[in-house]
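The file target06.tsv comes next; it holds TSV, C-alpha atoms.
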```tsv
chain	number	residue	atom	x	y	z
Z	1	SER	CA	148.31	104.70	76.73
Z	2	GLN	CA	149.22	105.20	73.07
Z	3	ASP	CA	149.61	108.94	73.53
Z	4	LYS	CA	152.04	108.70	76.42
Z	5	GLN	CA	153.69	105.50	75.12
Z	6	PHE	CA	153.62	103.62	78.41
Z	7	TYR	CA	151.55	101.05	80.30
Z	8	HIS	CA	150.65	100.80	83.97
Z	9	CYS	CA	148.73	98.22	85.99
Z	10	PHE	CA	147.04	99.66	89.12
Z	11	GLY	CA	146.74	96.11	90.51
Z	12	CYS	CA	150.32	94.83	90.51
Z	13	GLN	CA	152.02	98.18	89.71
Z	14	ALA	CA	153.77	96.76	86.60
Z	15	ASN	CA	154.69	99.59	84.25
Z	16	GLY	CA	157.03	100.59	81.45
Z	17	ASN	CA	157.16	101.06	77.69
Z	18	ALA	CA	156.58	98.79	74.69
Z	19	LEU	CA	160.04	97.20	75.01
Z	20	SER	CA	159.80	96.47	78.72
Z	21	PHE	CA	156.29	95.04	78.12
Z	22	LEU	CA	157.66	92.54	75.58
Z	23	MET	CA	160.58	91.71	77.87
Z	24	GLU	CA	158.25	91.03	80.81
Z	25	TYR	CA	155.35	89.37	78.96
Z	26	ASP	CA	157.36	87.15	76.58
Z	27	ARG	CA	160.36	86.72	78.94
Z	28	LEU	CA	162.80	88.13	76.35
Z	29	ASP	CA	166.10	89.91	76.79
Z	30	PHE	CA	166.51	93.46	75.46
Z	31	VAL	CA	167.97	92.62	72.03
Z	32	ASP	CA	165.31	89.95	71.32
Z	33	ALA	CA	162.56	92.37	72.36
Z	34	VAL	CA	163.93	95.03	69.97
Z	35	GLU	CA	164.05	92.50	67.11
Z	36	ASP	CA	160.54	91.21	67.88
Z	37	LEU	CA	159.12	94.72	67.90
Z	38	ALA	CA	160.91	95.51	64.64
Z	39	SER	CA	159.63	92.37	62.92
Z	40	MET	CA	156.02	93.25	63.87
Z	41	HIS	CA	156.45	96.37	61.72
Z	42	SER	CA	158.54	94.71	58.96
Z	43	LEU	CA	161.62	96.68	59.99
Z	44	GLU	CA	165.16	95.37	60.05
Z	45	VAL	CA	167.24	96.25	63.11
Z	46	PRO	CA	170.44	97.98	61.93
Z	47	LYS	CA	173.56	96.15	63.07
Z	48	GLU	CA	177.06	97.54	63.46
Z	49	GLN	CA	178.59	97.13	60.00
Z	50	GLU	CA	182.21	96.22	59.25
Z	51	ASN	CA	182.44	98.23	56.01
Z	52	LEU	CA	180.34	95.75	54.06
Z	53	SER	CA	180.14	96.16	50.31
Z	54	PRO	CA	176.70	96.76	48.76
Z	55	ALA	CA	176.71	93.13	47.53
Z	56	GLN	CA	177.52	91.79	51.04
Z	57	LEU	CA	174.86	94.04	52.58
Z	58	ALA	CA	172.26	92.84	50.05
Z	59	LYS	CA	173.17	89.22	50.81
Z	60	GLN	CA	172.83	89.83	54.57
Z	61	GLN	CA	169.40	91.43	54.07
Z	62	GLN	CA	168.30	88.53	51.85
Z	63	GLN	CA	169.35	86.02	54.54
Z	64	TYR	CA	167.41	87.98	57.15
Z	65	ARG	CA	164.24	87.96	55.02
Z	66	GLN	CA	164.71	84.26	54.26
Z	67	LYS	CA	164.87	83.43	57.97
Z	68	GLN	CA	161.74	85.46	58.71
Z	69	ASP	CA	159.99	83.50	55.95
Z	70	ASP	CA	161.30	80.23	57.43
Z	71	TYR	CA	159.98	81.04	60.91
Z	72	GLU	CA	156.59	81.88	59.44
Z	73	LEU	CA	156.38	78.59	57.50
Z	74	MET	CA	157.46	76.48	60.49
Z	75	GLY	CA	154.80	78.21	62.60
Z	76	LYS	CA	152.17	77.30	60.01
Z	77	VAL	CA	153.32	73.66	59.90
Z	78	SER	CA	153.13	73.49	63.70
Z	79	GLN	CA	149.55	74.83	63.57
Z	80	PHE	CA	148.76	72.23	60.90
Z	81	PHE	CA	149.97	69.37	63.14
Z	82	GLN	CA	147.94	70.70	66.08
Z	83	GLN	CA	144.86	70.93	63.86
Z	84	GLN	CA	145.38	67.32	62.67
Z	85	LEU	CA	145.33	66.20	66.30
Z	86	ARG	CA	141.78	67.58	66.48
Z	87	VAL	CA	140.35	66.63	63.07
Z	88	HIS	CA	142.25	63.69	61.53
Z	89	PRO	CA	140.51	60.27	61.41
Z	90	ASP	CA	143.38	58.94	63.62
Z	91	LYS	CA	142.66	61.54	66.35
Z	92	ASP	CA	140.99	59.09	68.77
Z	93	LEU	CA	144.04	56.79	68.64
Z	94	VAL	CA	146.42	59.72	69.27
Z	95	ILE	CA	144.32	61.24	72.06
Z	96	ALA	CA	144.03	57.81	73.71
Z	97	TYR	CA	147.84	57.55	73.60
Z	98	LEU	CA	148.22	60.97	75.26
Z	99	LYS	CA	145.70	60.08	77.97
Z	100	ASP	CA	147.47	56.76	78.55
Z	101	ARG	CA	150.66	58.75	79.17
Z	102	GLY	CA	148.76	60.86	81.71
Z	103	LEU	CA	148.74	64.04	79.62
Z	104	THR	CA	145.79	66.44	79.49
Z	105	GLY	CA	144.58	68.55	76.58
Z	106	GLU	CA	145.76	71.63	78.44
Z	107	ILE	CA	149.39	70.45	78.64
Z	108	ALA	CA	149.30	69.31	74.99
Z	109	LYS	CA	148.15	72.80	74.04
Z	110	ARG	CA	150.81	74.50	76.17
Z	111	PHE	CA	153.58	72.59	74.38
Z	112	GLY	CA	151.88	72.78	70.97
Z	113	ILE	CA	151.83	68.99	70.61
Z	114	GLY	CA	150.34	67.83	67.32
Z	115	TYR	CA	150.02	64.85	64.99
Z	116	ALA	CA	151.72	64.17	61.65
Z	117	PRO	CA	149.29	62.01	59.64
Z	118	ASN	CA	150.57	58.63	58.48
Z	119	GLU	CA	150.52	59.81	54.87
Z	120	TRP	CA	153.29	60.56	52.38
Z	121	HIS	CA	152.21	64.05	51.35
Z	122	SER	CA	150.06	65.75	54.02
Z	123	VAL	CA	152.55	68.60	54.68
Z	124	THR	CA	153.89	68.80	51.14
Z	125	ASP	CA	150.35	69.00	49.73
Z	126	ALA	CA	149.43	71.77	52.18
Z	127	TYR	CA	152.60	73.90	51.97
Z	128	GLY	CA	154.63	72.75	48.95
Z	129	LYS	CA	152.32	73.64	46.10
Z	130	HIS	CA	155.08	75.13	43.89
Z	131	ALA	CA	158.78	74.41	43.38
Z	132	ALA	CA	160.15	77.18	45.64
Z	133	ALA	CA	157.82	76.26	48.54
Z	134	SER	CA	158.64	72.60	48.07
Z	135	GLN	CA	162.38	73.36	48.23
Z	136	GLN	CA	161.87	75.44	51.39
Z	137	LEU	CA	160.20	72.43	53.08
Z	138	ILE	CA	163.23	70.31	52.13
Z	139	ASP	CA	165.65	72.99	53.39
Z	140	LEU	CA	163.79	73.15	56.73
Z	141	GLY	CA	163.86	69.36	57.18
Z	142	MET	CA	160.11	68.91	56.80
Z	143	ALA	CA	160.30	67.07	53.47
Z	144	ILE	CA	162.73	64.70	51.77
Z	145	HIS	CA	163.58	64.74	48.07
Z	146	SER	CA	162.55	61.47	46.42
Z	147	GLU	CA	165.39	59.66	44.66
Z	148	LYS	CA	163.46	56.53	43.71
Z	149	GLU	CA	163.87	55.36	40.14
Z	150	GLY	CA	160.84	56.10	38.04
Z	151	SER	CA	159.44	58.56	40.58
Z	152	SER	CA	158.61	62.10	39.56
Z	153	GLY	CA	161.14	63.33	42.12
Z	154	ARG	CA	158.28	64.70	44.18
Z	155	PRO	CA	159.33	65.38	47.79
Z	156	TYR	CA	157.56	63.47	50.57
Z	157	ASP	CA	156.94	64.23	54.25
Z	158	ARG	CA	159.78	63.45	56.68
Z	159	PHE	CA	157.38	62.99	59.63
Z	160	ARG	CA	154.54	60.48	59.19
Z	161	GLY	CA	152.30	58.83	61.78
Z	162	ARG	CA	154.03	60.53	64.71
Z	163	LEU	CA	153.22	62.61	67.75
Z	164	MET	CA	154.87	65.97	67.03
Z	165	PHE	CA	156.73	68.15	69.53
Z	166	PRO	CA	157.60	71.62	68.17
Z	167	ILE	CA	161.04	72.86	69.20
Z	168	ARG	CA	161.01	76.61	69.90
Z	169	ASP	CA	163.86	79.06	70.19
Z	170	LYS	CA	164.10	81.50	73.10
Z	171	ARG	CA	161.72	83.87	71.31
Z	172	GLY	CA	159.08	81.17	70.96
Z	173	ARG	CA	159.50	80.66	67.20
Z	174	VAL	CA	159.19	77.08	65.92
Z	175	ILE	CA	162.56	76.04	64.46
Z	176	GLY	CA	162.28	72.24	64.34
Z	177	PHE	CA	160.35	69.17	65.49
Z	178	GLY	CA	160.74	65.94	67.36
Z	179	GLY	CA	158.39	63.16	66.28
Z	180	ARG	CA	157.55	60.13	68.45
Z	181	VAL	CA	156.00	56.87	67.26
Z	182	LEU	CA	152.70	55.78	68.82
Z	183	LYS	CA	153.40	52.02	68.81
Z	184	LYS	CA	156.15	50.34	70.84
Z	185	ASP	CA	157.54	48.17	68.02
Z	186	GLU	CA	157.98	51.00	65.49
Z	187	LYS	CA	161.47	52.35	64.76
Z	188	PRO	CA	163.05	54.79	65.18
Z	189	LYS	CA	161.28	55.69	68.42
Z	190	TYR	CA	162.15	59.38	67.95
Z	191	LEU	CA	162.80	61.19	64.68
Z	192	ASN	CA	164.28	64.68	64.94
Z	193	SER	CA	164.61	67.59	62.54
Z	194	PRO	CA	168.03	67.73	60.86
Z	195	GLU	CA	170.26	70.79	61.20
Z	196	THR	CA	168.93	73.65	59.06
Z	197	ARG	CA	169.62	77.36	58.55
Z	198	ILE	CA	167.37	78.16	61.54
Z	199	TYR	CA	167.86	75.03	63.70
Z	200	HIS	CA	171.17	74.11	65.34
Z	201	LYS	CA	170.51	71.45	67.96
Z	202	GLY	CA	173.69	72.10	69.96
Z	203	LEU	CA	172.49	75.66	70.66
Z	204	GLU	CA	168.85	75.02	71.57
Z	205	LEU	CA	167.01	73.47	74.52
Z	206	TYR	CA	163.58	71.88	74.19
Z	207	GLY	CA	161.13	73.34	76.74
Z	208	LEU	CA	163.17	76.41	77.74
Z	209	HIS	CA	160.68	78.83	76.17
Z	210	GLU	CA	157.77	77.03	77.90
Z	211	ALA	CA	159.63	77.02	81.25
Z	212	LYS	CA	160.17	80.78	81.00
Z	213	GLN	CA	156.50	81.30	80.15
Z	214	ALA	CA	155.42	79.19	83.14
Z	215	SER	CA	157.46	81.10	85.72
Z	216	LYS	CA	158.49	84.72	85.93
Z	217	SER	CA	161.31	83.95	88.35
Z	218	LEU	CA	162.96	80.61	87.57
Z	219	THR	CA	165.50	79.57	90.21
Z	220	ARG	CA	166.61	76.22	88.78
Z	221	LEU	CA	166.34	74.12	85.62
Z	222	VAL	CA	166.52	70.35	85.34
Z	223	VAL	CA	167.99	68.83	82.16
Z	224	VAL	CA	166.39	65.54	81.07
Z	225	GLU	CA	166.84	63.37	78.00
Z	226	GLY	CA	163.52	63.36	76.11
Z	227	TYR	CA	160.61	65.50	74.98
Z	228	MET	CA	158.12	63.28	76.82
Z	229	ASP	CA	160.10	63.67	80.06
Z	230	VAL	CA	159.82	67.47	79.84
Z	231	VAL	CA	156.08	67.35	79.12
Z	232	ALA	CA	155.32	64.71	81.78
Z	233	LEU	CA	157.19	66.70	84.46
Z	234	ALA	CA	155.27	69.86	83.50
Z	235	GLN	CA	152.02	67.87	83.72
Z	236	HIS	CA	152.93	67.09	87.35
Z	237	GLY	CA	153.79	70.67	88.30
Z	238	ILE	CA	157.53	70.52	87.62
Z	239	ASP	CA	157.52	73.07	84.83
Z	240	TYR	CA	161.23	73.91	84.84
Z	241	ALA	CA	162.55	70.92	82.84
Z	242	VAL	CA	164.37	71.15	79.50
Z	243	ALA	CA	165.86	68.54	77.14
Z	244	SER	CA	169.16	68.77	75.28
Z	245	LEU	CA	167.81	67.46	71.94
Z	246	GLY	CA	169.64	64.18	71.63
Z	247	THR	CA	173.14	65.53	72.23
Z	248	ALA	CA	175.33	65.55	75.32
Z	249	THR	CA	174.67	68.91	76.97
Z	250	THR	CA	176.92	71.32	75.06
Z	251	THR	CA	178.92	74.30	76.32
Z	252	GLU	CA	176.54	76.63	74.43
Z	253	GLN	CA	173.48	75.00	76.02
Z	254	LEU	CA	175.07	75.27	79.46
Z	255	GLN	CA	175.83	78.96	78.84
Z	256	THR	CA	172.15	79.50	77.99
Z	257	LEU	CA	171.09	77.62	81.13
Z	258	PHE	CA	173.40	79.62	83.42
Z	259	ARG	CA	172.26	82.89	81.85
Z	260	THR	CA	168.73	81.90	82.89
Z	261	VAL	CA	169.25	80.38	86.37
Z	262	LYS	CA	171.97	79.85	88.96
Z	263	GLU	CA	171.26	76.14	89.60
Z	264	VAL	CA	171.21	73.45	86.88
Z	265	ILE	CA	170.47	69.78	87.65
Z	266	CYS	CA	171.31	67.12	85.04
Z	267	CYS	CA	168.95	64.17	85.43
Z	268	TYR	CA	170.19	61.04	83.63
Z	269	ASP	CA	169.81	57.27	83.66
Z	270	GLY	CA	172.12	55.57	86.16
Z	271	ASP	CA	173.56	53.25	83.47
Z	272	LYS	CA	176.94	53.61	81.75
Z	273	ALA	CA	175.50	55.78	78.95
Z	274	GLY	CA	173.82	58.11	81.44
Z	275	ARG	CA	176.99	58.54	83.49
Z	276	GLY	CA	178.97	59.12	80.30
Z	277	ALA	CA	176.55	61.89	79.29
Z	278	ALA	CA	176.84	63.39	82.78
Z	279	TRP	CA	180.65	63.39	82.58
Z	280	ARG	CA	180.57	65.17	79.20
Z	281	ALA	CA	178.21	67.77	80.69
Z	282	LEU	CA	180.57	68.25	83.65
Z	283	ASP	CA	183.54	68.58	81.29
Z	284	ASN	CA	181.73	71.23	79.22
Z	285	ALA	CA	180.58	73.10	82.34
Z	286	MET	CA	183.96	73.38	84.09
Z	287	PRO	CA	185.08	76.58	82.29
Z	288	LEU	CA	181.70	78.20	83.00
Z	289	ILE	CA	181.36	77.49	86.72
Z	290	GLN	CA	181.84	80.63	88.80
Z	291	ASP	CA	180.87	81.64	92.32
Z	292	GLY	CA	177.13	81.44	92.73
Z	293	LEU	CA	176.58	78.96	89.85
Z	294	SER	CA	175.83	75.34	90.64
Z	295	LEU	CA	175.72	72.19	88.48
Z	296	LYS	CA	174.33	69.04	90.13
Z	297	PHE	CA	173.53	65.48	89.03
Z	298	VAL	CA	170.72	62.99	89.59
Z	299	PHE	CA	171.05	59.38	88.44
Z	300	LEU	CA	167.79	57.46	88.19
Z	301	PRO	CA	167.43	53.74	88.99
Z	302	ASP	CA	167.74	51.23	86.11
Z	303	GLY	CA	164.67	51.14	83.88
Z	304	GLU	CA	163.30	54.43	85.23
Z	305	ASP	CA	163.06	57.78	83.48
Z	306	PRO	CA	161.58	61.09	84.69
Z	307	ASP	CA	158.33	60.37	82.82
Z	308	THR	CA	157.66	57.01	84.55
Z	309	LEU	CA	159.04	58.10	87.92
Z	310	VAL	CA	156.95	61.26	88.27
Z	311	ARG	CA	153.81	59.36	87.25
Z	312	GLN	CA	154.47	56.68	89.89
Z	313	LYS	CA	155.62	58.88	92.78
Z	314	GLY	CA	154.24	62.35	92.06
Z	315	GLN	CA	155.65	65.87	92.18
Z	316	GLN	CA	156.71	65.99	95.82
Z	317	ALA	CA	158.74	62.76	95.73
Z	318	PHE	CA	160.44	63.74	92.45
Z	319	GLU	CA	161.34	67.20	93.74
Z	320	GLN	CA	162.83	65.58	96.84
Z	321	ILE	CA	165.11	63.56	94.52
Z	322	LEU	CA	166.14	66.84	92.86
Z	323	ASP	CA	166.74	68.50	96.25
Z	324	ASN	CA	169.18	65.69	97.09
Z	325	ALA	CA	171.08	65.94	93.79
Z	326	MET	CA	174.80	65.13	93.82
Z	327	PRO	CA	177.03	68.25	93.72
Z	328	LEU	CA	179.53	68.58	90.86
Z	329	SER	CA	182.52	68.12	93.19
Z	330	GLU	CA	181.17	64.82	94.54
Z	331	PHE	CA	180.52	63.43	91.06
Z	332	LEU	CA	183.97	64.56	89.93
Z	333	PHE	CA	185.69	62.68	92.78
Z	334	GLU	CA	183.48	59.61	92.42
Z	335	HIS	CA	184.08	59.35	88.66
Z	336	LEU	CA	187.87	59.73	88.82
Z	337	LEU	CA	188.38	57.59	91.94
Z	338	SER	CA	186.55	54.71	90.25
Z	339	GLN	CA	189.30	54.61	87.59
Z	340	VAL	CA	192.31	54.07	89.89
Z	341	ASP	CA	193.53	51.83	92.71
Z	342	MET	CA	193.99	54.15	95.69
Z	343	ASN	CA	195.87	51.48	97.62
Z	344	SER	CA	198.99	51.93	95.49
Z	345	MET	CA	201.37	54.83	94.92
Z	346	GLU	CA	200.92	54.38	91.16
Z	347	GLY	CA	197.14	54.72	91.55
Z	348	LYS	CA	197.51	57.92	93.56
Z	349	SER	CA	199.93	59.30	91.00
Z	350	SER	CA	197.61	58.53	88.08
Z	351	LEU	CA	194.73	60.14	89.99
Z	352	ILE	CA	196.69	63.40	90.08
Z	353	GLU	CA	197.23	63.10	86.32
Z	354	LEU	CA	193.48	62.60	85.83
Z	355	PHE	CA	192.66	65.62	87.98
Z	356	ASN	CA	195.12	68.01	86.29
Z	357	PRO	CA	193.05	68.76	83.17
```
Could I get this file's structure written as structure tokens?
Amino acid sequence: SQDKQFYHCFGCQANGNALSFLMEYDRLDFVDAVEDLASMHSLEVPKEQENLSPAQLAKQQQQYRQKQDDYELMGKVSQFFQQQLRVHPDKDLVIAYLKDRGLTGEIAKRFGIGYAPNEWHSVTDAYGKHAAASQQLIDLGMAIHSEKEGSSGRPYDRFRGRLMFPIRDKRGRVIGFGGRVLKKDEKPKYLNSPETRIYHKGLELYGLHEAKQASKSLTRLVVVEGYMDVVALAQHGIDYAVASLGTATTTEQLQTLFRTVKEVICCYDGDKAGRGAAWRALDNAMPLIQDGLSLKFVFLPDGEDPDTLVRQKGQQAFEQILDNAMPLSEFLFEHLLSQVDMNSMEGKSSLIELFNP
């Protein structure tokens, strides 16, 4: 009701105002809902000011407008990649690859998966028609400035011939991409967006926005290593997986996870690298763990990852593995005990030293 400025559903009894609608429908917190509503009407949300000079205020407003422009451009590029998946001459090859990985068109659409053509200037031709637009593509990590001798210095596309996974922030805005090769022998297997003014990989989690959209009441989240793991798990009904974007799970990412759910499960390879990543996650989580919050660990057998395992064994078997995850305390003891000889006094003493921090 526009007159009364509220909504009500006689079926499920959901009701509220424009802000609560955005919070419920887009799974946003209050501040994000306010900013979203403001941006729809080209308004800037006033922030508490610390006696900023007119010059500082103007700079802040310019940065805000620049970021809005950046989000808009990244959204357009994401749409472009999705369109290429439907119309490019390579589409049959790409769709065959997705089907071979057990992914449906529906799941590809949910995650906004697209295709970057194997051409030097598909994105730059579409969105970099003048110098300022071209520079913006470089700033956002979508293009690279050419430094070849004799070249015109024309930027070229960073992502070429790759399956594209858009990385969204908690408000669903595209801020970066991960690109995966389609052939086994191509390197690097994954190419990720660099850090930009809107993308900071240590703060973001791939798939968190999609997980929130899939479930109104998330109770746990599972952290995996790759984009394809997140998508494959969602394809098999486990739509509460996120990936930490190529970094060990950071304190900021863990804070975001624990603000969303009470139980977080880190799912890593059982090799040395996987256990090292798990230990760094534990180390980062220790200051955050309070009553009611739980961090657990799952280590997969050699050569397995969530993608292959869920395709082989299915949702029920994989969720059983998650249900039996190792508690933080058990992993802590196991990791530190493996470093000392408990049969000697010296070993016991050094164990205490290891535990102290």
Query raised in the report: Which is closest to Gly105 (chain Z) among Z:Val231, Z:Ile198, Z:Val223, Z:Val31, if we use all atoms listed in the file?
Result: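 Closest residue, counting all atoms listed in the file: Z:Val231.
The gap separating CA of Ala232 (chain Z) from CA of Leu103 (chain Z) is 7.0 Å, in Å to one decimal.
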Query raised in the report: Near Val181 (chain Z), counting all atoms listed in the file, which residues have an atom at most 10 Å away, once you skip same-chain residues fewer than 2 positions from it, shown as a list of chain:residue names?
Result: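 Residues meeting the cut-off are Z:Phe159, Z:Arg160, Z:Gly161, Z:Arg162, Z:Leu163, Z:Met164, Z:Gly179, Z:Lys183, Z:Lys184, Z:Asp185, Z:Glu186, Z:Lys187, Z:Pro188, Z:Lys189, Z:Tyr190, Z:Leu191.
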Requested in this report: Neighbourhood query: residues within 8 Å of (173.0, 79.9, 86.9), file coordinates, counting all atoms listed in the file; return as a ChimeraX atom specification.
Outcome: /Z:220,257-264,292-294
Query raised in the report: Suppose you want the space between CA of His121 (chain Z) and CA of Phe80 (chain Z); what is it in Å?
Result: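 Computed distance, CA of His121 (chain Z) to CA of Phe80 (chain Z), equals 13.0 Å.
In this model, the gap between CA of Leu98 (chain Z) and CA of Phe297 (chain Z) comes to 29.2 Å.
With only C-alpha atoms as the atoms that count, the residue of Z:Ile107, Z:Cys267, Z:Asn15, Z:Gln213 with the shortest distance to Asn324 (chain Z) is Z:Cys267.
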Residues of region 138-165 of chain Z that have any atom at most 12 Å from an atom of region 56-70 of chain Z: could you tabulate them with the shortest-distance atom pair and the distance in Å to one decimal, using only C-alpha atoms, ordered by chain and increasing number, as a Markdown table?
```
| residue | atom | partner | partner_atom | distance |
| --- | --- | --- | --- | --- |
| Z:Ile138 | CA | Z:Asp70 | CA | 11.4 |
| Z:Asp139 | CA | Z:Asp70 | CA | 9.4 |
| Z:Leu140 | CA | Z:Asp70 | CA | 7.5 |
| Z:Gly141 | CA | Z:Asp70 | CA | 11.2 |
| Z:Met142 | CA | Z:Asp70 | CA | 11.4 |
```
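Distances to Met326 (chain Z) were evaluated for Z:Phe6, Z:Tyr115, Z:Phe355, Z:Tyr268 using all atoms listed in the file, and the minimum falls at Z:Tyr268.
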**Report entry** Contact residues around Gln79 (chain Z) with all atoms listed in the file at 12 Å, ignoring same-chain residues under 6 positions, as a ChimeraX atom specification
**Finding:** /Z:72-73,85-86,109,111-116,123,126,164-166,174
Restricting it to C-alpha atoms, dump the selection as a tab-separated table (two decimals), keeping the file's coordinate frame.
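New file out-v4.tsv:
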```
chain	number	residue	atom	x	y	z
Z	72	GLU	CA	156.59	81.88	59.44
Z	73	LEU	CA	156.38	78.59	57.50
Z	85	LEU	CA	145.33	66.20	66.30
Z	86	ARG	CA	141.78	67.58	66.48
Z	109	LYS	CA	148.15	72.80	74.04
Z	111	PHE	CA	153.58	72.59	74.38
Z	112	GLY	CA	151.88	72.78	70.97
Z	113	ILE	CA	151.83	68.99	70.61
Z	114	GLY	CA	150.34	67.83	67.32
Z	115	TYR	CA	150.02	64.85	64.99
Z	116	ALA	CA	151.72	64.17	61.65
Z	123	VAL	CA	152.55	68.60	54.68
Z	126	ALA	CA	149.43	71.77	52.18
Z	164	MET	CA	154.87	65.97	67.03
Z	165	PHE	CA	156.73	68.15	69.53
Z	166	PRO	CA	157.60	71.62	68.17
Z	174	VAL	CA	159.19	77.08	65.92
```
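Distances from Z:Tyr156, Z:Phe177, Z:Phe21, Z:Tyr97 to Ser122 (chain Z) were compared using only C-alpha atoms, and the smallest one belongs to Z:Tyr156.
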Requested in this report: Go ahead and find all residues with at least one atom no further than 8 Å from (172.8, 65.4, 90.1) in the file's coordinates, using all atoms listed in the file; report them as JSON, numbers by chain.
Outcome: {"Z": [265, 266, 267, 295, 296, 297, 298, 299, 322, 324, 325, 326, 327, 328]}
**Report entry** Among the residues Z:Gly237, Z:Pro287, Z:Pro357, Z:Gly172, the one that comes closest to Arg311 (chain Z) [using all atoms listed in the file]
**Finding:** Z:Gly237
Pull out region 300-311 of chain Z, keep N, CA, C and O atoms, and write it as a PDB file, in the first residue's frame.
```pdb
ATOM      1  N   LEU Z 300      39.366 -33.910   3.901  1.00  0.00           N
ATOM      2  CA  LEU Z 300      38.961 -34.879   2.879  1.00  0.00           C
ATOM      3  C   LEU Z 300      40.111 -35.807   2.522  1.00  0.00           C
ATOM      4  O   LEU Z 300      41.287 -35.426   2.633  1.00  0.00           O
ATOM      5  N   PRO Z 301      39.796 -37.023   2.056  1.00  0.00           N
ATOM      6  CA  PRO Z 301      40.852 -37.960   1.657  1.00  0.00           C
ATOM      7  C   PRO Z 301      41.697 -37.396   0.510  1.00  0.00           C
ATOM      8  O   PRO Z 301      41.233 -36.528  -0.242  1.00  0.00           O
ATOM      9  N   ASP Z 302      42.940 -37.884   0.386  1.00  0.00           N
ATOM     10  CA  ASP Z 302      43.839 -37.437  -0.686  1.00  0.00           C
ATOM     11  C   ASP Z 302      43.174 -37.552  -2.052  1.00  0.00           C
ATOM     12  O   ASP Z 302      42.532 -38.560  -2.356  1.00  0.00           O
ATOM     13  N   GLY Z 303      43.335 -36.505  -2.860  1.00  0.00           N
ATOM     14  CA  GLY Z 303      42.816 -36.548  -4.228  1.00  0.00           C
ATOM     15  C   GLY Z 303      41.345 -36.209  -4.338  1.00  0.00           C
ATOM     16  O   GLY Z 303      40.805 -36.131  -5.437  1.00  0.00           O
ATOM     17  N   GLU Z 304      40.679 -36.012  -3.201  1.00  0.00           N
ATOM     18  CA  GLU Z 304      39.244 -35.678  -3.233  1.00  0.00           C
ATOM     19  C   GLU Z 304      39.063 -34.194  -2.938  1.00  0.00           C
ATOM     20  O   GLU Z 304      39.831 -33.579  -2.214  1.00  0.00           O
ATOM     21  N   ASP Z 305      38.019 -33.610  -3.516  1.00  0.00           N
ATOM     22  CA  ASP Z 305      37.591 -32.278  -3.121  1.00  0.00           C
ATOM     23  C   ASP Z 305      36.068 -32.310  -3.020  1.00  0.00           C
ATOM     24  O   ASP Z 305      35.438 -33.289  -3.445  1.00  0.00           O
ATOM     25  N   PRO Z 306      35.443 -31.284  -2.444  1.00  0.00           N
ATOM     26  CA  PRO Z 306      33.981 -31.327  -2.278  1.00  0.00           C
ATOM     27  C   PRO Z 306      33.235 -31.568  -3.586  1.00  0.00           C
ATOM     28  O   PRO Z 306      32.218 -32.270  -3.609  1.00  0.00           O
ATOM     29  N   ASP Z 307      33.739 -30.996  -4.672  1.00  0.00           N
ATOM     30  CA  ASP Z 307      33.120 -31.147  -5.992  1.00  0.00           C
ATOM     31  C   ASP Z 307      33.034 -32.628  -6.386  1.00  0.00           C
ATOM     32  O   ASP Z 307      31.960 -33.165  -6.678  1.00  0.00           O
ATOM     33  N   THR Z 308      34.194 -33.328  -6.368  1.00  0.00           N
ATOM     34  CA  THR Z 308      34.204 -34.737  -6.792  1.00  0.00           C
ATOM     35  C   THR Z 308      33.462 -35.621  -5.794  1.00  0.00           C
ATOM     36  O   THR Z 308      32.742 -36.539  -6.172  1.00  0.00           O
ATOM     37  N   LEU Z 309      33.611 -35.310  -4.499  1.00  0.00           N
ATOM     38  CA  LEU Z 309      33.036 -36.170  -3.461  1.00  0.00           C
ATOM     39  C   LEU Z 309      31.508 -36.129  -3.478  1.00  0.00           C
ATOM     40  O   LEU Z 309      30.844 -37.165  -3.386  1.00  0.00           O
ATOM     41  N   VAL Z 310      30.940 -34.927  -3.630  1.00  0.00           N
ATOM     42  CA  VAL Z 310      29.480 -34.821  -3.613  1.00  0.00           C
ATOM     43  C   VAL Z 310      28.881 -35.430  -4.875  1.00  0.00           C
ATOM     44  O   VAL Z 310      27.776 -35.985  -4.855  1.00  0.00           O
ATOM     45  N   ARG Z 311      29.633 -35.382  -5.982  1.00  0.00           N
ATOM     46  CA  ARG Z 311      29.127 -36.005  -7.219  1.00  0.00           C
ATOM     47  C   ARG Z 311      29.145 -37.531  -7.108  1.00  0.00           C
ATOM     48  O   ARG Z 311      28.272 -38.212  -7.623  1.00  0.00           O
TER      49      ARG Z 311
END
```
